[in-house]
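Heads up, the thing below is written out as structure tokens.
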Amino acid sequence: MEALYSGGLIFDGERLLENHGVMVKGGRIVRLAPSTEFVGFTGKHVDTTGQTVLPGLIDCHIHICIGAEADLVAVLGQLSESELAVRAMENAQSTLRGGVTSARDLGGKSFVEITVRDAINAGRCLGPTLMCAGQLICMTGGHGSWLGTEADGAEEIVRAVRNNIKAGADLIKVIATGGVLTPNVDPMQAHFDKAELCAAVYESHRFDRRITAHALGAPGISNAVEAGIDSIEHGFQITDELVSEMVSKGIVLVPTISALQEIVQNAKSGIPDYAFEKASRFCEMHRSSIREFHAAGGTIAMGTDAGTPFNYHGNNVHELGYMVDYGLSPLEALQAATKHSGDLCNLSDRGLVREGYWADLLIVSGNPVQDISAVSRGENHVRVVKEGFDVFDHLGPYIADGRAQRFIHDEPSF
Ligand SMILES: [Zn+2]
């Protein structure tokens with residue numbers, strides 16, 4: 001069906017346009033032009049006066065198998081795979097309802113997320129376009145060993161990469177340092193060494209997969225950068241040297257500010273002490289790393305790590321508010337969540353409002369370039385469109401009243 005969206009502003013992923021209209025047909029954007037060109041159009045008109053049409057947002061770091069529980073490691077260990085599959089689909093649909101029309105899953109369980117991805121991407125179920133890393137790859141006893149695949153030495157790492165590709169992974173995720181949510185690991189300590197990371201990067205690129213590294217402390221970030229990684233997740237300790245190396249090599253930073261903030265802001269809510277302690281300790285270091293990377297002209301893409309404690313699927317837009325709080329302008333935060341994320345995810349026809357692209361749109365009340373809360377607060381969202389299809393008419397009524405969220409976050413009865 002054909003529809004014209006006009007009357008308000010358009011943020012196309014790069015800049016704000018006034019007095020323009022977007023024509024959608026067959027799920028695609030067929031025309032983006034000055035409004036005068038559409039005078040006399042008699043088909044379906046969606047009046048966006050007082051609103052802004054944006055590309056649907058792209059979240060480069062989520063975990064649809066994890067449900068934002070306070071002690072998610074304990075909960076995850078007790079869920080059956082069939083229950084996990086249902087929850088993963090619910091989490092994916094909450095993500096879409098929240099304005100995120102594409103997302104990268106950076107660590108699933110039992111390849112359940114790949115089945116969910118295929119069901120959505122084939123059009124069997126409504127959800128965001130998903131790209132999946134399959135099982136994250138860590139060293140024996142490394143961060144995330146409760147979720148992913150343990151591997152040691154180049155040979156085992158190559159096998160783990162190949163197993164993911166065999167299962168249908170779109171990209172690869174490696175763990176280069178300790179992390180917050182795993183007990184008895186130090187975020188500042190490097191995990192895989194440089195030779196191991198080189199093997200992972202070589203094997204991923206050989207099969208045209210991008211590879212991203214969970215990397216918090218400087219020694220691990222340095223190993224990943226020297227190994228030729230495509231992007232760094234989190235990046236707590238990006239030294240001046242690493243800033244210039246990452247900028248000159250074009251390595252993208254996915255800061256996932258929400259992950260730390262939601263832990264720090266939810267003290268004494270059942271989050272394990274070790275996780276709260278680590279998140280609090282590194283919060284300010286993280287903030288200054290992001291500021292310096294950004295000030296040096298580094299490319300930032302949006303990622304939330306949704307699924308980590310109190311970091312709910314569907315609240316992904318909070319990340320844009322945090323990015324502005326950490327020094328990006330609203331325009332830069334919007335570019336991070338659309339153009340830069342689309343580029344990092346290697347999406348050639350999503351992430352911009354552009355002719356020929358899929359009509360994945362988020363329509364908000366107000367002007368987010370002036371005030372980011374138009375996007376970062378879900379109550380200002382007016383409409384989410386997925387391939388021309390109005391999501392609020394379908395997923396909206398069920399998810400918006402909180403029933404799905406309440407169910408997902410109930411502790412399971414074993
Ligand atoms: Zn993560």
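Here, A, B, ... name the chains of the structure tokens in the order displayed, residue numbers run from 1 inside each chain, and ligands are numbered from 1 in the same displayed order.
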Protein and nucleic residues near ligand 1, 7 Å, only C-alpha atoms and all ligand atoms, as number ranges by chain:
A: 61-63, 106-107, 305
Do a neighbour search on Cys132 (chain A) at 6 Å with only C-alpha atoms, toss out local chain neighbours closer than 5 positions, and write the hits as a ChimeraX atom specification.
/A:104-105,169-170
Selection file, all heavy atoms, as a compact mmCIF listing (two decimals), in the first residue's frame:
```
# COMPACT_ATOMS: atom_id res chain seq x y z
N ARG A 104 21.62 -5.98 16.49
CA ARG A 104 22.64 -7.04 16.47
C ARG A 104 22.61 -7.77 17.79
O ARG A 104 22.78 -7.14 18.84
CB ARG A 104 24.04 -6.39 16.37
CG ARG A 104 24.60 -6.27 15.04
CD ARG A 104 26.05 -5.89 14.92
NE ARG A 104 26.80 -5.34 16.03
CZ ARG A 104 28.09 -5.04 15.96
NH1 ARG A 104 28.77 -5.26 14.84
NH2 ARG A 104 28.74 -4.52 16.98
N ASP A 105 22.43 -9.07 17.75
CA ASP A 105 22.52 -9.85 18.99
C ASP A 105 23.97 -10.28 19.16
O ASP A 105 24.53 -10.96 18.32
CB ASP A 105 21.60 -11.08 18.91
CG ASP A 105 21.56 -11.79 20.25
OD1 ASP A 105 22.53 -12.53 20.57
OD2 ASP A 105 20.59 -11.59 21.00
N ALA A 169 25.73 -17.64 11.89
CA ALA A 169 26.07 -16.33 12.47
C ALA A 169 26.39 -15.30 11.38
O ALA A 169 27.02 -15.62 10.38
CB ALA A 169 27.27 -16.47 13.41
N ASP A 170 25.94 -14.08 11.61
CA ASP A 170 26.18 -12.98 10.67
C ASP A 170 27.50 -12.29 10.97
O ASP A 170 28.05 -11.58 10.13
CB ASP A 170 25.08 -11.92 10.80
CG ASP A 170 23.71 -12.50 10.55
OD1 ASP A 170 23.41 -12.81 9.38
OD2 ASP A 170 22.94 -12.66 11.51
```
Excluding Ser145 (chain A) and its own-chain neighbours fewer than 5 positions away, which residues fall within 12 Å of it when counting only C-alpha atoms? Please give them as a ChimeraX atom specification.
/A:73,77,107-109,135-140,150-151,174-175,178-179,181-185,191
How many Å lie between CA of Ser341 (chain A) and CA of Ser110 (chain A), rounded to one decimal?
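That distance, rounded to one decimal, is 26.1 Å.
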Hey, what's within 9 Å of Ala33 (chain A) if we count only C-alpha atoms and toss same-chain stuff fewer than 4 positions away? As a PyMOL selection string, please?
chain A and resi 19-23+37-38
Since we have the selection now, will you write its residues out, keeping C-alpha atoms, as a compact mmCIF listing (two decimals), in the first residue's frame?
```
# COMPACT_ATOMS: atom_id res chain seq x y z
CA ASN A 19 9.15 20.87 4.20
CA HIS A 20 9.79 17.40 2.80
CA GLY A 21 7.61 14.34 2.39
CA VAL A 22 8.33 10.61 2.33
CA MET A 23 6.39 8.32 0.04
CA GLU A 37 6.06 17.77 -5.19
CA PHE A 38 3.24 15.87 -3.51
```
DSSP says helix (DSSP H, G or I) for which residues of region 209-384 of chain A? Put them as a compact mmCIF listing (two decimals) with C-alpha atoms, in the first residue's frame?
```txt
# COMPACT_ATOMS: atom_id res chain seq x y z
CA ALA A 218 43.40 -0.94 27.90
CA PRO A 219 45.60 -4.06 27.47
CA GLY A 220 42.69 -6.04 25.98
CA ILE A 221 41.50 -3.13 23.83
CA SER A 222 45.06 -2.81 22.54
CA ASN A 223 45.25 -6.53 21.67
CA ALA A 224 41.95 -6.31 19.77
CA VAL A 225 42.91 -3.12 17.93
CA GLU A 226 46.26 -4.56 16.87
CA ALA A 227 44.59 -7.79 15.76
CA ASP A 240 45.10 8.61 24.45
CA GLU A 241 47.23 6.22 22.41
CA LEU A 242 44.30 3.89 21.81
CA VAL A 243 42.04 6.81 20.90
CA SER A 244 44.36 7.86 18.09
CA GLU A 245 44.94 4.29 16.94
CA MET A 246 41.21 3.53 16.85
CA VAL A 247 40.40 6.80 15.06
CA SER A 248 43.12 6.33 12.45
CA LYS A 249 42.07 2.72 11.77
CA ILE A 257 26.31 3.31 28.48
CA SER A 258 22.91 1.92 29.54
CA ALA A 259 24.47 -1.31 30.78
CA LEU A 260 26.57 0.42 33.44
CA GLN A 261 24.04 3.10 34.28
CA GLU A 262 21.19 0.65 34.89
CA ILE A 263 23.36 -1.33 37.30
CA VAL A 264 24.65 1.74 39.13
CA ASP A 273 27.47 -7.37 44.82
CA TYR A 274 30.46 -8.10 42.56
CA ALA A 275 28.62 -6.69 39.53
CA PHE A 276 27.45 -3.55 41.34
CA GLU A 277 30.93 -2.97 42.75
CA LYS A 278 32.62 -3.25 39.34
CA ALA A 279 30.04 -1.09 37.56
CA SER A 280 30.40 1.67 40.17
CA ARG A 281 34.19 1.53 40.08
CA PHE A 282 34.48 2.00 36.31
CA CYS A 283 31.58 4.35 35.56
CA GLU A 284 33.57 7.59 35.54
CA MET A 285 36.52 6.05 33.67
CA HIS A 286 34.05 4.92 31.01
CA ARG A 287 32.53 8.39 30.75
CA SER A 288 35.88 10.07 30.17
CA SER A 289 36.95 7.44 27.60
CA ILE A 290 33.80 8.09 25.58
CA ARG A 291 34.27 11.86 25.84
CA GLU A 292 37.86 11.68 24.63
CA PHE A 293 37.13 9.22 21.82
CA HIS A 294 34.27 11.43 20.65
CA ALA A 295 36.28 14.66 20.94
CA HIS A 318 17.46 5.61 26.80
CA GLU A 319 20.94 5.16 25.32
CA LEU A 320 20.50 8.30 23.19
CA GLY A 321 19.85 10.34 26.33
CA TYR A 322 22.98 8.91 27.91
CA MET A 323 25.06 9.64 24.80
CA VAL A 324 24.02 13.29 24.98
CA ASP A 325 24.77 13.31 28.69
CA PRO A 330 21.60 15.35 19.94
CA LEU A 331 22.34 15.33 16.19
CA GLU A 332 25.44 13.17 16.75
CA ALA A 333 23.52 10.75 19.00
CA LEU A 334 20.86 10.41 16.30
CA GLN A 335 23.52 9.80 13.62
CA ALA A 336 25.13 7.17 15.89
CA ALA A 337 21.81 5.33 16.24
CA THR A 338 21.01 5.41 12.52
CA LYS A 339 23.72 6.03 9.93
CA HIS A 340 26.75 4.86 11.92
CA SER A 341 24.95 1.81 13.32
CA GLY A 342 23.69 0.91 9.85
CA ASP A 343 27.23 1.15 8.50
CA LEU A 344 28.66 -0.98 11.33
CA SER A 373 14.01 13.41 24.78
CA ALA A 374 11.69 13.40 21.76
CA VAL A 375 13.43 10.08 20.94
CA SER A 376 14.99 8.98 24.23
CA GLY A 378 9.29 6.34 24.73
CA GLU A 379 6.18 8.33 25.64
CA ASN A 380 7.11 10.80 22.88
```
From the list A:Asp230, A:Gly67, A:Pro34, A:Leu4, which residue is nearest Leu79 (chain A) when using only C-alpha atoms?
A:Gly67
Run DSSP on the backbone of this structure and report the residues of region 87-264 of chain A it assigns to strand (DSSP E), as an MDAnalysis selection string.
chainID A and resid 100:105 129:132 137:138 149:150 171:175 210:215 231:234 252:254
Nearest to Leu197 (chain A), chosen from A:Arg209, A:Asp152, A:Met89, A:Thr115, with only C-alpha atoms counted in the distances
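Distance minimum relative to Leu197 (chain A) lands on A:Asp152.
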Selection: 6 Å around Val364 (chain A), only C-alpha atoms, excl. self and same-chain fewer than 3 positions, as a list in words:
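The residues satisfying every condition are Gln51, Thr52, Asn380, His381 and Val382 of chain A.
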For N, CA and C atoms, I'd like the residues from the last selection saved as an mmCIF file, in the first residue's frame.
```cif
data_model
loop_
_atom_site.group_PDB
_atom_site.id
_atom_site.type_symbol
_atom_site.label_atom_id
_atom_site.label_comp_id
_atom_site.auth_asym_id
_atom_site.auth_seq_id
_atom_site.Cartn_x
_atom_site.Cartn_y
_atom_site.Cartn_z
ATOM 1 N N GLN A 51 5.725 16.799 14.336
ATOM 2 C CA GLN A 51 6.462 15.555 14.596
ATOM 3 C C GLN A 51 7.713 15.475 13.709
ATOM 4 N N THR A 52 8.539 14.464 13.990
ATOM 5 C CA THR A 52 9.719 14.213 13.160
ATOM 6 C C THR A 52 9.740 12.748 12.731
ATOM 7 N N ASN A 380 7.179 9.828 23.973
ATOM 8 C CA ASN A 380 7.107 10.795 22.875
ATOM 9 C C ASN A 380 7.037 10.124 21.504
ATOM 10 N N HIS A 381 7.078 8.794 21.492
ATOM 11 C CA HIS A 381 6.991 8.096 20.207
ATOM 12 C C HIS A 381 5.536 8.056 19.743
ATOM 13 N N VAL A 382 5.346 8.351 18.488
ATOM 14 C CA VAL A 382 3.991 8.388 17.934
ATOM 15 C C VAL A 382 3.699 7.119 17.130
#
```
Near Arg28 (chain A), counting only C-alpha atoms, which residues have an atom at most 12 Å away, once you skip same-chain residues fewer than 6 positions from it, shown as JSON, numbers by chain?
{"A": [1, 2, 3, 4, 22, 349, 350, 352, 353, 354, 355, 356, 357, 358, 359, 360, 361, 385, 386, 387, 388, 389]}
Point-to-point distance in Å for CA of Ser6 (chain A) and CA of Leu54 (chain A):
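CA of Leu54 (chain A) sits 12.1 Å away from CA of Ser6 (chain A).
Here CA of Arg124 (chain A) and CA of Gly168 (chain A) stand 18.0 Å from one another.
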As JSON, numbers by chain, please: the residues near Ile211 (chain A) (cut-off 8 Å, only C-alpha atoms, same-chain neighbours under 6 positions excluded).
{"A": [171, 172, 173, 174, 201, 204, 205, 229, 230, 231]}
